[in-house]
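Visitor: data03.txt is reproduced in full below (compact mmCIF, C-alpha atoms).
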# COMPACT_ATOMS: atom_id res chain seq x y z
CA ASP Z 1 0.00 0.00 0.00
CA SER Z 2 1.59 3.25 -1.22
CA GLY Z 3 -0.58 5.48 0.97
CA VAL Z 4 -2.07 7.25 -2.05
CA THR Z 5 -5.83 6.70 -2.25
CA GLN Z 6 -7.86 7.04 -5.41
CA THR Z 7 -11.61 6.84 -5.87
CA PRO Z 8 -13.50 5.46 -7.61
CA LYS Z 9 -11.55 2.36 -8.62
CA HIS Z 10 -13.80 1.69 -11.59
CA LEU Z 11 -16.20 3.91 -13.45
CA ILE Z 12 -18.35 3.35 -16.51
CA THR Z 13 -20.02 6.33 -18.08
CA ALA Z 14 -21.53 7.45 -21.37
CA THR Z 15 -20.05 9.73 -23.98
CA GLY Z 16 -20.69 13.38 -23.35
CA GLN Z 17 -20.84 12.95 -19.60
CA ARG Z 18 -18.61 14.44 -16.92
CA VAL Z 19 -16.80 12.58 -14.15
CA THR Z 20 -14.60 13.51 -11.22
CA LEU Z 21 -11.71 11.38 -10.03
CA ARG Z 22 -10.46 11.92 -6.52
CA CYS Z 23 -7.04 11.48 -5.00
CA SER Z 24 -5.75 11.69 -1.44
CA PRO Z 25 -1.96 11.92 -1.32
CA ARG Z 26 0.27 10.27 1.23
CA SER Z 27 0.31 12.01 4.56
CA GLY Z 28 2.80 14.86 4.39
CA ASP Z 29 3.13 14.90 0.60
CA LEU Z 30 2.57 18.30 -0.97
CA SER Z 31 2.91 17.36 -4.64
CA VAL Z 32 0.17 15.56 -6.52
CA TYR Z 33 0.48 14.28 -10.09
CA TRP Z 34 -2.05 12.92 -12.54
CA TYR Z 35 -1.12 10.44 -15.24
CA GLN Z 36 -3.16 8.73 -17.95
CA GLN Z 37 -2.44 5.20 -19.11
CA SER Z 38 -4.15 4.31 -22.37
CA LEU Z 39 -4.02 0.92 -24.10
CA ASP Z 40 -1.22 1.60 -26.55
CA GLN Z 41 0.65 4.31 -24.74
CA GLY Z 42 2.88 4.64 -21.74
CA LEU Z 43 2.13 6.75 -18.73
CA GLN Z 44 1.22 10.19 -20.05
CA PHE Z 45 1.74 13.08 -17.68
CA LEU Z 46 -1.33 15.28 -17.34
CA ILE Z 47 -0.73 17.79 -14.60
CA GLN Z 48 1.05 18.41 -11.29
CA TYR Z 49 0.08 20.47 -8.27
CA TYR Z 50 2.26 21.55 -5.42
CA ASN Z 51 0.64 22.79 -2.21
CA GLY Z 52 -2.47 23.94 -4.03
CA GLU Z 53 -0.76 25.59 -7.00
CA GLU Z 54 -0.42 24.21 -10.51
CA ARG Z 55 3.24 23.41 -11.04
CA ALA Z 56 3.56 21.66 -14.38
CA LYS Z 57 1.22 20.84 -17.21
CA GLY Z 58 1.51 18.02 -19.70
CA ASN Z 59 -0.73 16.75 -22.44
CA ILE Z 60 -3.95 17.56 -20.67
CA LEU Z 61 -6.94 18.22 -22.88
CA GLU Z 62 -8.96 21.41 -22.49
CA ARG Z 63 -11.95 19.24 -21.56
CA PHE Z 64 -10.00 18.10 -18.50
CA SER Z 65 -9.23 20.16 -15.44
CA ALA Z 66 -7.79 19.53 -12.03
CA GLN Z 67 -7.27 21.23 -8.73
CA GLN Z 68 -5.65 20.63 -5.38
CA PHE Z 69 -7.57 21.66 -2.31
CA PRO Z 70 -6.28 23.18 0.97
CA ASP Z 71 -6.36 19.73 2.59
CA LEU Z 72 -4.06 18.63 -0.29
CA HIS Z 73 -6.46 16.18 -1.87
CA SER Z 74 -6.86 16.58 -5.60
CA GLU Z 75 -9.61 16.10 -8.14
CA LEU Z 76 -9.37 15.49 -11.86
CA ASN Z 77 -12.48 16.55 -13.76
CA LEU Z 78 -13.11 15.02 -17.16
CA SER Z 79 -15.94 16.50 -19.20
CA SER Z 80 -17.60 15.94 -22.58
CA LEU Z 81 -16.21 12.44 -22.42
CA GLU Z 82 -15.28 10.62 -25.59
CA LEU Z 83 -14.63 6.94 -26.19
CA GLY Z 84 -10.91 7.68 -26.46
CA ASP Z 85 -10.84 8.96 -22.90
CA SER Z 86 -11.22 5.40 -21.65
CA ALA Z 87 -8.05 4.77 -19.71
CA LEU Z 88 -6.48 4.10 -16.35
CA TYR Z 89 -5.91 7.36 -14.53
CA PHE Z 90 -3.19 7.36 -11.90
CA CYS Z 91 -2.64 9.82 -9.14
CA ALA Z 92 0.76 10.00 -7.51
CA SER Z 93 2.29 12.08 -4.74
CA SER Z 94 5.66 13.09 -3.39
CA VAL Z 95 7.01 15.31 -0.65
CA GLU Z 96 8.06 17.94 -3.18
CA ASP Z 97 9.43 17.82 -6.65
CA PHE Z 98 11.67 20.78 -7.29
CA LEU Z 99 14.61 18.72 -8.53
CA GLY Z 100 12.99 15.34 -9.03
CA GLY Z 101 15.07 13.60 -6.42
CA ASN Z 102 12.17 12.41 -4.31
CA THR Z 103 10.35 9.14 -4.74
CA ILE Z 104 6.91 9.42 -6.27
CA TYR Z 105 4.25 7.08 -4.92
CA PHE Z 106 1.38 5.92 -7.10
CA GLY Z 107 -2.18 5.13 -6.19
CA GLU Z 108 -3.92 2.08 -7.59
CA GLY Z 109 -5.58 4.05 -10.33
CA SER Z 110 -9.11 4.75 -11.48
CA TRP Z 111 -10.31 2.73 -14.44
CA LEU Z 112 -12.57 4.86 -16.63
CA THR Z 113 -14.60 3.25 -19.36
CA VAL Z 114 -16.58 5.50 -21.67
CA VAL Z 115 -19.32 3.73 -23.61
CA ILE D 1 10.88 17.08 -27.89
CA LEU D 2 11.77 15.11 -24.80
CA ASN D 3 12.09 11.38 -25.39
CA VAL D 4 12.73 8.63 -22.92
CA GLU D 5 13.39 5.36 -24.68
CA GLN D 6 13.55 1.92 -23.19
CA SER D 7 14.90 -1.23 -24.77
CA PRO D 8 14.08 -3.91 -25.33
CA GLN D 9 10.32 -3.54 -25.40
CA SER D 10 9.90 -7.05 -24.05
CA LEU D 11 12.14 -9.76 -22.79
CA HIS D 12 11.78 -13.44 -21.86
CA VAL D 13 14.39 -14.75 -19.45
CA GLN D 14 14.90 -18.21 -18.01
CA GLU D 15 14.55 -18.45 -14.25
CA GLY D 16 17.96 -18.16 -12.64
CA ASP D 17 19.49 -16.17 -15.48
CA SER D 18 20.59 -12.58 -15.08
CA THR D 19 19.37 -9.83 -17.36
CA ASN D 20 19.58 -6.12 -17.98
CA PHE D 21 17.80 -3.46 -19.94
CA THR D 22 18.34 0.13 -20.94
CA CYS D 23 16.78 3.52 -20.47
CA SER D 24 18.00 6.33 -22.75
CA PHE D 25 17.25 9.98 -22.11
CA PRO D 26 18.41 13.42 -23.25
CA SER D 27 21.73 14.16 -21.57
CA SER D 28 21.18 17.90 -21.22
CA ASN D 29 19.44 19.53 -18.24
CA PHE D 30 19.44 16.37 -16.16
CA TYR D 31 17.73 16.39 -12.78
CA ALA D 32 16.85 12.82 -11.90
CA LEU D 33 16.15 9.39 -13.30
CA HIS D 34 13.57 7.11 -11.71
CA TRP D 35 13.05 3.36 -12.08
CA TYR D 36 9.69 1.74 -11.35
CA ARG D 37 8.44 -1.81 -11.27
CA TRP D 38 4.87 -2.27 -12.48
CA GLU D 39 3.03 -5.52 -12.00
CA THR D 40 -0.23 -6.18 -13.79
CA ALA D 41 -3.27 -4.90 -11.87
CA LYS D 42 -1.09 -3.03 -9.40
CA SER D 43 0.33 0.48 -9.22
CA PRO D 44 3.89 1.33 -10.26
CA GLU D 45 6.29 0.80 -7.39
CA ALA D 46 9.40 2.93 -7.05
CA LEU D 47 12.70 1.06 -7.24
CA PHE D 48 15.35 3.76 -7.47
CA VAL D 49 15.77 7.49 -7.79
CA MET D 50 19.14 8.43 -9.23
CA THR D 51 20.50 11.94 -9.38
CA LEU D 52 24.28 11.85 -9.80
CA ASN D 53 26.39 10.75 -12.74
CA GLY D 54 27.97 7.42 -11.87
CA ASP D 55 25.29 6.58 -9.33
CA GLU D 56 24.88 2.90 -8.62
CA LYS D 57 21.94 1.71 -6.56
CA LYS D 58 21.05 -1.74 -5.35
CA LYS D 59 17.96 -3.35 -3.85
CA GLY D 60 18.33 -7.08 -3.30
CA ARG D 61 18.98 -8.72 -6.67
CA ILE D 62 18.14 -5.56 -8.61
CA SER D 63 20.66 -2.81 -9.29
CA ALA D 64 20.90 0.23 -11.53
CA THR D 65 23.62 2.46 -12.92
CA LEU D 66 23.44 5.96 -14.31
CA ASN D 67 25.47 7.80 -16.94
CA THR D 68 24.15 11.34 -17.28
CA LYS D 69 26.85 12.47 -19.72
CA GLU D 70 25.86 9.95 -22.35
CA GLY D 71 22.22 9.77 -21.30
CA TYR D 72 21.55 6.20 -20.25
CA SER D 73 20.76 4.04 -17.29
CA TYR D 74 20.91 0.27 -16.98
CA LEU D 75 18.76 -1.89 -14.75
CA TYR D 76 20.20 -5.27 -13.83
CA ILE D 77 18.42 -8.26 -12.33
CA LYS D 78 20.61 -11.03 -11.01
CA GLY D 79 19.31 -14.60 -10.78
CA SER D 80 15.82 -13.86 -12.15
CA GLN D 81 12.85 -15.27 -10.26
CA PRO D 82 9.23 -15.65 -11.43
CA GLU D 83 8.19 -12.79 -9.14
CA ASP D 84 10.44 -10.47 -11.15
CA SER D 85 7.96 -10.68 -14.03
CA ALA D 86 6.68 -7.14 -14.48
CA THR D 87 7.05 -4.06 -16.63
CA TYR D 88 10.02 -1.94 -15.66
CA LEU D 89 9.58 1.76 -16.31
CA CYS D 90 12.13 4.50 -16.25
CA ALA D 91 11.23 8.16 -15.94
CA PHE D 92 13.32 11.23 -16.65
CA LYS D 93 12.87 14.45 -14.75
CA VAL D 94 13.26 17.88 -16.31
CA GLN D 95 10.27 20.11 -15.67
CA LYS D 96 8.05 17.09 -15.33
CA LEU D 97 8.61 13.39 -14.86
CA THR D 98 8.37 11.76 -18.29
CA PHE D 99 8.00 8.00 -18.48
CA GLY D 100 9.31 5.58 -21.05
CA THR D 101 7.00 2.88 -22.39
CA GLY D 102 8.72 0.23 -20.33
CA THR D 103 10.42 -3.11 -20.73
CA ARG D 104 8.04 -6.02 -20.17
CA LEU D 105 9.98 -8.80 -18.47
CA THR D 106 8.68 -12.37 -18.34
CA ILE D 107 10.56 -14.97 -16.34
CA ILE D 108 10.18 -18.50 -17.65
CA PRO D 109 10.17 -21.11 -14.87
Would you mind giving the structure from this file in structure tokens?
Guide:
Amino acid sequence: DSGVTQTPKHLITATGQRVTLRCSPRSGDLSVYWYQQSLDQGLQFLIQYYNGEERAKGNILERFSAQQFPDLHSELNLSSLELGDSALYFCASSVEDFLGGNTIYFGEGSWLTVV
Amino acid sequence: ILNVEQSPQSLHVQEGDSTNFTCSFPSSNFYALHWYRWETAKSPEALFVMTLNGDEKKKGRISATLNTKEGYSYLYIKGSQPEDSATYLCAFKVQKLTFGTGTRLTIIP
């Protein structure tokens, strides 16, 4: 158990809908990351927050948004869902990530299926 | 464009044999190189975080080396066991942590 908690574990929804994925980082971790794992691709970085502020942005679609709350949990909002958004979405956390020297711990992921 | 490349893509190794695989990354602006072990239906598990050229890290039968000047890292597994079967990911840190597509290792009993 990494200490990173993600909910829900599985989610099936229809195209055009909106879903919210939730992540609670490890106790004491200030950085939260979101990654997408699709069938034919590796882990694709979406976005990172550090202590409530957006720190780095990757290949995140405009239909997707995220935020980190004062209690450090984070939510990833996916809207106007398309079939191609079906993927495993990972949340990860670390103490901080200024130089990348800290271990990043992954949650078990949220499986999203868009039908 | 930032590319992290791993080779081989997949590997079958006889139980008891040793093996190694490669992670290549851009050698400029290096911050850190991470190795992860990812078993099916589980979350990626951190193995090593390497930050200095010439770093060598070891965890049981698994070890890793780092050459930041030429932009590569090797992961070695000594005396492979069936439980070593997994996908091994490396990730390169510049502004963000970028993952390679992994080396899928299967140990044949």
Visitor: Name the closest residue to Lys42 of chain D among the candidates D:Leu66, D:Leu11, D:Ala91, D:Ala86; distances are taken between atoms, counting all atoms listed in the file.
Guide: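 Ranking D:Leu66, D:Leu11, D:Ala91, D:Ala86 by distance to Lys42 of chain D, first place goes to D:Ala86.
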Visitor: Nearest residue to chain D out of Z:Tyr50, Z:Phe69, Z:Tyr105, Z:Phe64, using all atoms listed in the file?
Guide: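 Looking at the shortest contact to chain D, the residue is Z:Tyr105.
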Visitor: Could you check how far atom CA of Glu108 of chain Z sits from atom CA of Gln6 of chain Z, in Å to one decimal?
Guide: 6.7 Å
Visitor: Can you tell me, as an MDAnalysis selection string, what residues are no more than 12 Å from Glu56 of chain D when counting all atoms listed in the file, ignoring any on the same chain fewer than 6 positions away?
Guide: chainID D and resid 33 48:50 62:67 73:76
Visitor: Could the residues in this selection be written to a file with C-alpha atoms, as a tab-separated table (two decimals), in the coordinates of the input?
Guide:
chain	number	residue	atom	x	y	z
D	33	LEU	CA	16.15	9.39	-13.30
D	48	PHE	CA	15.35	3.76	-7.47
D	49	VAL	CA	15.77	7.49	-7.79
D	50	MET	CA	19.14	8.43	-9.23
D	62	ILE	CA	18.14	-5.56	-8.61
D	63	SER	CA	20.66	-2.81	-9.29
D	64	ALA	CA	20.90	0.23	-11.53
D	65	THR	CA	23.62	2.46	-12.92
D	66	LEU	CA	23.44	5.96	-14.31
D	67	ASN	CA	25.47	7.80	-16.94
D	73	SER	CA	20.76	4.04	-17.29
D	74	TYR	CA	20.91	0.27	-16.98
D	75	LEU	CA	18.76	-1.89	-14.75
D	76	TYR	CA	20.20	-5.27	-13.83
Visitor: Taking (-15.0, 1.0, -20.2) in the file's coordinates as the center, which residues reach within 9 Å of it, counting all atoms listed in the file, put as a PyMOL selection string?
Guide: chain Z and resi 10-13+83+86-87+111-115
Visitor: Excluding Gln17 of chain Z and any residue of its chain fewer than 6 positions from it, enumerate the residues within 8 Å of it, using only C-alpha atoms, and give them as a ChimeraX atom specification.
Guide: /Z:79-81
Visitor: Create the file for the chosen residues now, containing C-alpha atoms and written as a compact mmCIF listing (two decimals), keeping the file's coordinate frame.
Guide:
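Below is the file part11.txt, written as the result:
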# COMPACT_ATOMS: atom_id res chain seq x y z
CA SER Z 79 -15.94 16.50 -19.20
CA SER Z 80 -17.60 15.94 -22.58
CA LEU Z 81 -16.21 12.44 -22.42
Visitor: Between Z:Gly100, Z:Pro70, Z:Gly107, Z:Gly42, which residue has the minimum interatomic distance to Asp1 of chain Z, considering only C-alpha atoms?
Guide: Z:Gly107
Visitor: Tell me as a ChimeraX atom specification which residues belonging to chain D come within 8 Å of chain Z, counting only C-alpha atoms.
Guide: /D:31-34,42-46,48-51,93-102
Visitor: What does the distance from atom CA of Asp29 of chain Z to atom CA of Glu53 of chain Z come to in Å, to one decimal?
Guide: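 Separating atom CA of Asp29 of chain Z from atom CA of Glu53 of chain Z is a distance of 13.7 Å.
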Visitor: Counting only C-alpha atoms, which residues have an atom no more than 12 Å from (7.0, -7.1, -10.5) in the file's coordinates? Please list them as JSON, numbers by chain.
Guide: {"D": [36, 37, 38, 39, 40, 41, 42, 43, 44, 45, 46, 47, 62, 77, 80, 81, 82, 83, 84, 85, 86, 87, 88, 89, 103, 104, 105, 106, 107]}
Visitor: From the list Z:Gly28, Z:Gly16, Z:Ser110, Z:Thr5, which residue is nearest Leu72 of chain Z when using only C-alpha atoms?
Guide: Z:Gly28
Visitor: Identify, on the basis of only C-alpha atoms, every residue whose closest approach to Ser18 of chain D does not exceed 9 Å; exclude the query and any residue fewer than 2 positions from it along the same chain; express the result as a PyMOL selection string.
Guide: chain D and resi 13-16+20+76-80
Visitor: Can you write out the residues you just picked, keeping C-alpha atoms, as a PDB file, in the coordinates of the input?
Guide:
ATOM      1  CA  VAL D  13      14.390 -14.750 -19.450  1.00  0.00           C
ATOM      2  CA  GLN D  14      14.900 -18.210 -18.010  1.00  0.00           C
ATOM      3  CA  GLU D  15      14.550 -18.450 -14.250  1.00  0.00           C
ATOM      4  CA  GLY D  16      17.960 -18.160 -12.640  1.00  0.00           C
ATOM      5  CA  ASN D  20      19.580  -6.120 -17.980  1.00  0.00           C
ATOM      6  CA  TYR D  76      20.200  -5.270 -13.830  1.00  0.00           C
ATOM      7  CA  ILE D  77      18.420  -8.260 -12.330  1.00  0.00           C
ATOM      8  CA  LYS D  78      20.610 -11.030 -11.010  1.00  0.00           C
ATOM      9  CA  GLY D  79      19.310 -14.600 -10.780  1.00  0.00           C
ATOM     10  CA  SER D  80      15.820 -13.860 -12.150  1.00  0.00           C
TER      11      SER D  80
END
Visitor: Using all atoms listed in the file, can you tell me which of Z:Ala66, Z:Leu78, Z:Leu61, Z:Val19 comes closest to Val32 of chain Z?
Guide: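 Going through Z:Ala66, Z:Leu78, Z:Leu61, Z:Val19 one by one, the smallest distance to Val32 of chain Z is for Z:Ala66.
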Visitor: Could you jot down the atom CA of Cys23 of chain D to atom CA of Lys69 of chain D separation for me, Å, one decimal place?
Guide: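 Distance reported for this atom pair: 13.5 Å.
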